[in-house]
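Colleague: I have a structure here, written as structure tokens, and I will follow up with some questions on it.
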Amino acid sequence: MSASLITPAMADAVGTDIFRTRSYPIAASDIRKWALAVYHPQSPPPQFWDGGSTGDDIVAPEEFNPFAWMTADPPGPPSALGPAGPSLESLLGLPNVGLAYMLNGGIEVDYGAPMRPGDVITSITTVADYSEREGRLGPMLISRTRSEWTKGDGARVKTQINTLIRYGTS
Amino acid sequence: MTIGQPLQPGDEIPVFARAADFDAWNRYAAVNAEFVPIHMDDAAGRQAGHETAIGMGNLGVSQINCMLRSWLNGHGRIASVALQFRSPALRGRTNVAHGRVKSVYDADHARTITLDVWIDDDDGTVLTRGTATVEGPSR
């Protein structure tokens with residue numbers, strides 16, 4: 001039987017806050033670009049682009065990501081979790097788990113207040129849990145993180161649990 | 001059929017269908033900063049064990065939400081969505097988001113509906129499966 005992928009340090013990290021980030025104020029044009037992308041090739045519904053006389057009287061689609069390209073805190077390009085970001089373990093200051101590939105295993109999201117132009121969103125992410133199992137392509141490490149998004153006035157935007165599946169030797 | 005009309009468990013809402021290809025994936029990568037080789041290159045997808053490059057799981061969330069929003073048509077909101085990503089979206093297929101009413105709860109002129117939701121492709125493969133809850137006026 002192969003050794004567990006979950007080290008004692010990883011198990012101890014469950015429940016730890018691992019990442020806090022704050023967005024720049026959401027731009028109406030970012031909402032429009034998002035809506036165009038997800039509805040392509042059709043036009044998105046007007047609530048996502050027709051902003052009245054100011055152009056800003058719109059809302060964002062529920063799944064809009066205000067942290068995608070650059071964040072106000074930490075400043076600069078994002079270092080949030082995800083396929084293009086650093087690993088969960090590197091954010092925890094732990095050794096790399098040595099698995100080459102990753103898949104998005106799933107998402108559970110509870111939506112609150114809608115995001116609008118000018119909103120500044122803060123996200124706090126914690127380690128929810130680790131598990132492992134044997135898959136078609138070998139041992140798989142399953143990690144879940146929980147993120148809570150809030151606005152500047154404290155209104156909850158969403159609570160989201162993401163499942164990341166990693167597998168394959170480097 | 002809208003959220004305020006008579007609904008029964010088993011009723012299906014209109015689907016949301018999209019081509020699974022770089023045309024859509026690159027647009028999504030551009031807004032979500034998701035330029036990852038397995039989403040952009042068939043060879044990278046094959047190296048990771050798939051037939052082709054694969055679509056983003058998060059785009060599936062958007063497609064489920066687009067389906068729900070189109071059905072709600074401004075008369076309600078998406079309260080929650082829970083999805084498992086079971087198979088990757090392979091390039092060249094058509095992905096279709098579905099929703100089927102699971103339960104309807106009316107109280108104080110407000111309606112809460114839970115739906116089974118899923119995305120399949122034209123090869124019959126279920127890519128994503130889960131549940132969603134929407135809220136809106138009962139009439």
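Chains: A, B, ... in order of the structure tokens. Residues: from 1 per chain. Ligands: from 1, in order shown.
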What residues in chain A lie within 10 Å of chain B, counting only C-alpha atoms, written as a tab-separated table (two decimals) with C-alpha atoms, in the first residue's frame?
Modeller:
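See out-v3.tsv below for the written result:
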```
chain	number	residue	atom	x	y	z
A	30	ASP	CA	-15.58	44.07	-16.36
A	31	ILE	CA	-19.17	42.95	-15.71
A	33	LYS	CA	-17.00	41.52	-20.56
A	34	TRP	CA	-17.87	38.64	-18.22
A	35	ALA	CA	-21.47	38.56	-19.44
A	36	LEU	CA	-20.38	38.65	-23.08
A	37	ALA	CA	-18.03	35.72	-22.47
A	38	VAL	CA	-20.47	33.42	-20.68
A	39	TYR	CA	-23.42	34.09	-23.01
A	40	HIS	CA	-21.37	33.98	-26.23
A	41	PRO	CA	-22.44	33.80	-29.03
A	42	GLN	CA	-25.76	35.32	-27.88
A	44	PRO	CA	-26.30	38.78	-22.57
A	45	PRO	CA	-29.46	39.98	-20.79
A	47	GLN	CA	-29.33	43.78	-16.62
A	61	PRO	CA	-23.83	37.63	-12.95
A	62	GLU	CA	-23.75	35.62	-9.72
A	63	GLU	CA	-20.56	33.79	-10.68
A	64	PHE	CA	-18.62	36.95	-11.65
A	65	ASN	CA	-15.03	36.89	-10.39
A	66	PRO	CA	-13.71	40.32	-9.29
A	67	PHE	CA	-10.31	38.84	-8.39
A	68	ALA	CA	-9.44	37.38	-11.77
A	69	TRP	CA	-6.65	39.57	-13.08
A	70	MET	CA	-5.33	41.81	-10.35
A	77	PRO	CA	-1.48	39.97	-10.20
A	78	PRO	CA	-3.58	37.43	-8.30
A	82	GLY	CA	-6.81	27.89	-8.88
A	83	PRO	CA	-5.33	26.25	-11.93
A	84	ALA	CA	-3.20	29.28	-12.76
A	85	GLY	CA	-2.24	30.13	-9.18
A	100	ALA	CA	1.26	16.87	-11.89
A	101	TYR	CA	-2.34	17.50	-12.90
A	102	MET	CA	-5.42	19.02	-11.37
A	103	LEU	CA	-9.13	19.02	-12.06
A	104	ASN	CA	-11.94	21.11	-10.70
A	105	GLY	CA	-13.95	18.50	-8.79
A	106	GLY	CA	-16.95	20.58	-7.90
A	107	ILE	CA	-18.41	23.64	-6.30
A	108	GLU	CA	-21.03	24.44	-3.68
A	109	VAL	CA	-22.04	28.07	-3.60
A	110	ASP	CA	-24.63	29.98	-1.61
A	111	TYR	CA	-25.33	33.42	-3.07
A	112	GLY	CA	-26.14	36.54	-1.07
A	114	PRO	CA	-25.45	40.87	-5.80
A	136	ARG	CA	-8.16	5.51	-12.92
A	137	LEU	CA	-4.94	7.47	-13.25
A	158	LYS	CA	-21.40	34.36	-1.37
A	159	THR	CA	-20.02	31.38	0.49
A	160	GLN	CA	-18.30	28.89	-1.76
A	161	ILE	CA	-16.67	25.51	-1.27
A	162	ASN	CA	-14.34	24.42	-4.06
A	163	THR	CA	-13.10	20.88	-4.57
A	167	TYR	CA	-3.36	13.33	-9.66
A	168	GLY	CA	-0.47	11.99	-11.73
```
Colleague: Mind checking DSSP for stretch 65-168 of chain A and telling me the helix (DSSP H, G or I) residues as a ChimeraX atom specification?
Modeller: /A:88-92
Colleague: Identify, with DSSP run on backbone atoms, the residues in stretch 4-166 of chain A assigned to strand (DSSP E or B), and express the list as a PyMOL selection string.
Modeller: chain A and resi 17-22+71+73+76+99-111+121-135+138-151+156-166
Colleague: Measure the distance from atom CA of A:Ala72 to atom CA of A:Phe48 in Å and round it to one decimal.
Modeller: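 Here the two named atoms are 23.6 Å from each other.
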Colleague: Figure out the distance between atom CA of A:Thr150 and atom CA of A:Ile121, please, to one decimal in Å.
Modeller: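 These atoms are spaced 5.6 Å apart.
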Colleague: Applying 10 Å and only C-alpha atoms, which residues near B:Gln8 remain after dropping the ones on its own chain fewer than 2 positions away? List them as a list in words.
Modeller: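 Those residues are Gln5, Pro6, Gly10, Asp11, Glu12, Arg100, Val101, Lys102, Ser103 and Val104 of chain B.
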Colleague: What does the distance between atom CA of A:Gly52 and atom CA of A:Pro25 come to in Å, to one decimal place?
Modeller: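 Atom CA of A:Pro25 lies 19.4 Å from atom CA of A:Gly52.
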Colleague: Give me the residues near A:Asp56 as number ranges by chain, where near means some atom within 12 Å (using only C-alpha atoms) and where sequence neighbours in that chain fewer than 2 positions away do not count.
Modeller: A: 26-32, 47-54, 58-60, 115-119
Colleague: Export, as a PDB file, in the first residue's frame, the selected residues with N, CA and C atoms.
Modeller:
```
ATOM      1  N   ILE A  26     -15.243  47.132  -8.432  1.00  0.00           N
ATOM      2  CA  ILE A  26     -15.693  46.448  -9.651  1.00  0.00           C
ATOM      3  C   ILE A  26     -16.042  47.485 -10.721  1.00  0.00           C
ATOM      4  N   ALA A  27     -15.531  47.262 -11.916  1.00  0.00           N
ATOM      5  CA  ALA A  27     -15.810  48.157 -13.038  1.00  0.00           C
ATOM      6  C   ALA A  27     -16.982  47.620 -13.855  1.00  0.00           C
ATOM      7  N   ALA A  28     -17.839  48.540 -14.292  1.00  0.00           N
ATOM      8  CA  ALA A  28     -18.981  48.118 -15.111  1.00  0.00           C
ATOM      9  C   ALA A  28     -18.513  47.387 -16.371  1.00  0.00           C
ATOM     10  N   SER A  29     -17.392  47.816 -16.928  1.00  0.00           N
ATOM     11  CA  SER A  29     -16.914  47.167 -18.162  1.00  0.00           C
ATOM     12  C   SER A  29     -16.473  45.735 -17.894  1.00  0.00           C
ATOM     13  N   ASP A  30     -15.964  45.452 -16.682  1.00  0.00           N
ATOM     14  CA  ASP A  30     -15.584  44.071 -16.358  1.00  0.00           C
ATOM     15  C   ASP A  30     -16.830  43.180 -16.296  1.00  0.00           C
ATOM     16  N   ILE A  31     -17.912  43.718 -15.745  1.00  0.00           N
ATOM     17  CA  ILE A  31     -19.166  42.954 -15.711  1.00  0.00           C
ATOM     18  C   ILE A  31     -19.647  42.679 -17.143  1.00  0.00           C
ATOM     19  N   ARG A  32     -19.568  43.690 -17.989  1.00  0.00           N
ATOM     20  CA  ARG A  32     -20.029  43.503 -19.371  1.00  0.00           C
ATOM     21  C   ARG A  32     -19.189  42.449 -20.095  1.00  0.00           C
ATOM     22  N   GLN A  47     -29.717  43.388 -17.989  1.00  0.00           N
ATOM     23  CA  GLN A  47     -29.332  43.782 -16.622  1.00  0.00           C
ATOM     24  C   GLN A  47     -27.824  43.722 -16.406  1.00  0.00           C
ATOM     25  N   PHE A  48     -27.101  43.056 -17.345  1.00  0.00           N
ATOM     26  CA  PHE A  48     -25.650  42.950 -17.211  1.00  0.00           C
ATOM     27  C   PHE A  48     -24.897  43.972 -18.063  1.00  0.00           C
ATOM     28  N   TRP A  49     -25.620  44.766 -18.872  1.00  0.00           N
ATOM     29  CA  TRP A  49     -24.882  45.716 -19.712  1.00  0.00           C
ATOM     30  C   TRP A  49     -25.589  47.057 -19.915  1.00  0.00           C
ATOM     31  N   ASP A  50     -26.920  47.092 -19.801  1.00  0.00           N
ATOM     32  CA  ASP A  50     -27.646  48.326 -20.098  1.00  0.00           C
ATOM     33  C   ASP A  50     -27.761  49.137 -18.812  1.00  0.00           C
ATOM     34  N   GLY A  51     -26.796  50.010 -18.579  1.00  0.00           N
ATOM     35  CA  GLY A  51     -26.679  50.674 -17.287  1.00  0.00           C
ATOM     36  C   GLY A  51     -27.345  52.018 -17.159  1.00  0.00           C
ATOM     37  N   GLY A  52     -28.286  52.321 -18.017  1.00  0.00           N
ATOM     38  CA  GLY A  52     -28.993  53.591 -17.906  1.00  0.00           C
ATOM     39  C   GLY A  52     -28.105  54.771 -18.250  1.00  0.00           C
ATOM     40  N   SER A  53     -28.478  55.950 -17.752  1.00  0.00           N
ATOM     41  CA  SER A  53     -27.789  57.177 -18.163  1.00  0.00           C
ATOM     42  C   SER A  53     -26.344  57.212 -17.670  1.00  0.00           C
ATOM     43  N   THR A  54     -26.063  56.611 -16.527  1.00  0.00           N
ATOM     44  CA  THR A  54     -24.682  56.617 -16.013  1.00  0.00           C
ATOM     45  C   THR A  54     -23.870  55.453 -16.565  1.00  0.00           C
ATOM     46  N   ILE A  58     -26.061  48.450 -13.331  1.00  0.00           N
ATOM     47  CA  ILE A  58     -26.125  47.047 -13.733  1.00  0.00           C
ATOM     48  C   ILE A  58     -25.722  46.183 -12.543  1.00  0.00           C
ATOM     49  N   VAL A  59     -25.983  44.895 -12.651  1.00  0.00           N
ATOM     50  CA  VAL A  59     -25.502  43.939 -11.647  1.00  0.00           C
ATOM     51  C   VAL A  59     -24.594  42.939 -12.353  1.00  0.00           C
ATOM     52  N   ALA A  60     -23.816  42.239 -11.554  1.00  0.00           N
ATOM     53  CA  ALA A  60     -22.935  41.212 -12.108  1.00  0.00           C
ATOM     54  C   ALA A  60     -23.637  39.860 -12.076  1.00  0.00           C
ATOM     55  N   MET A 115     -23.348  41.606  -6.712  1.00  0.00           N
ATOM     56  CA  MET A 115     -22.223  42.527  -6.914  1.00  0.00           C
ATOM     57  C   MET A 115     -22.608  43.563  -7.965  1.00  0.00           C
ATOM     58  N   ARG A 116     -22.184  44.811  -7.705  1.00  0.00           N
ATOM     59  CA  ARG A 116     -22.493  45.925  -8.603  1.00  0.00           C
ATOM     60  C   ARG A 116     -21.230  46.734  -8.850  1.00  0.00           C
ATOM     61  N   PRO A 117     -21.254  47.585  -9.881  1.00  0.00           N
ATOM     62  CA  PRO A 117     -20.094  48.453 -10.125  1.00  0.00           C
ATOM     63  C   PRO A 117     -19.777  49.293  -8.885  1.00  0.00           C
ATOM     64  N   GLY A 118     -18.494  49.411  -8.592  1.00  0.00           N
ATOM     65  CA  GLY A 118     -18.041  50.174  -7.428  1.00  0.00           C
ATOM     66  C   GLY A 118     -17.857  49.344  -6.181  1.00  0.00           C
ATOM     67  N   ASP A 119     -18.465  48.161  -6.126  1.00  0.00           N
ATOM     68  CA  ASP A 119     -18.303  47.305  -4.945  1.00  0.00           C
ATOM     69  C   ASP A 119     -16.853  46.847  -4.803  1.00  0.00           C
TER      70      ASP A 119
END
```
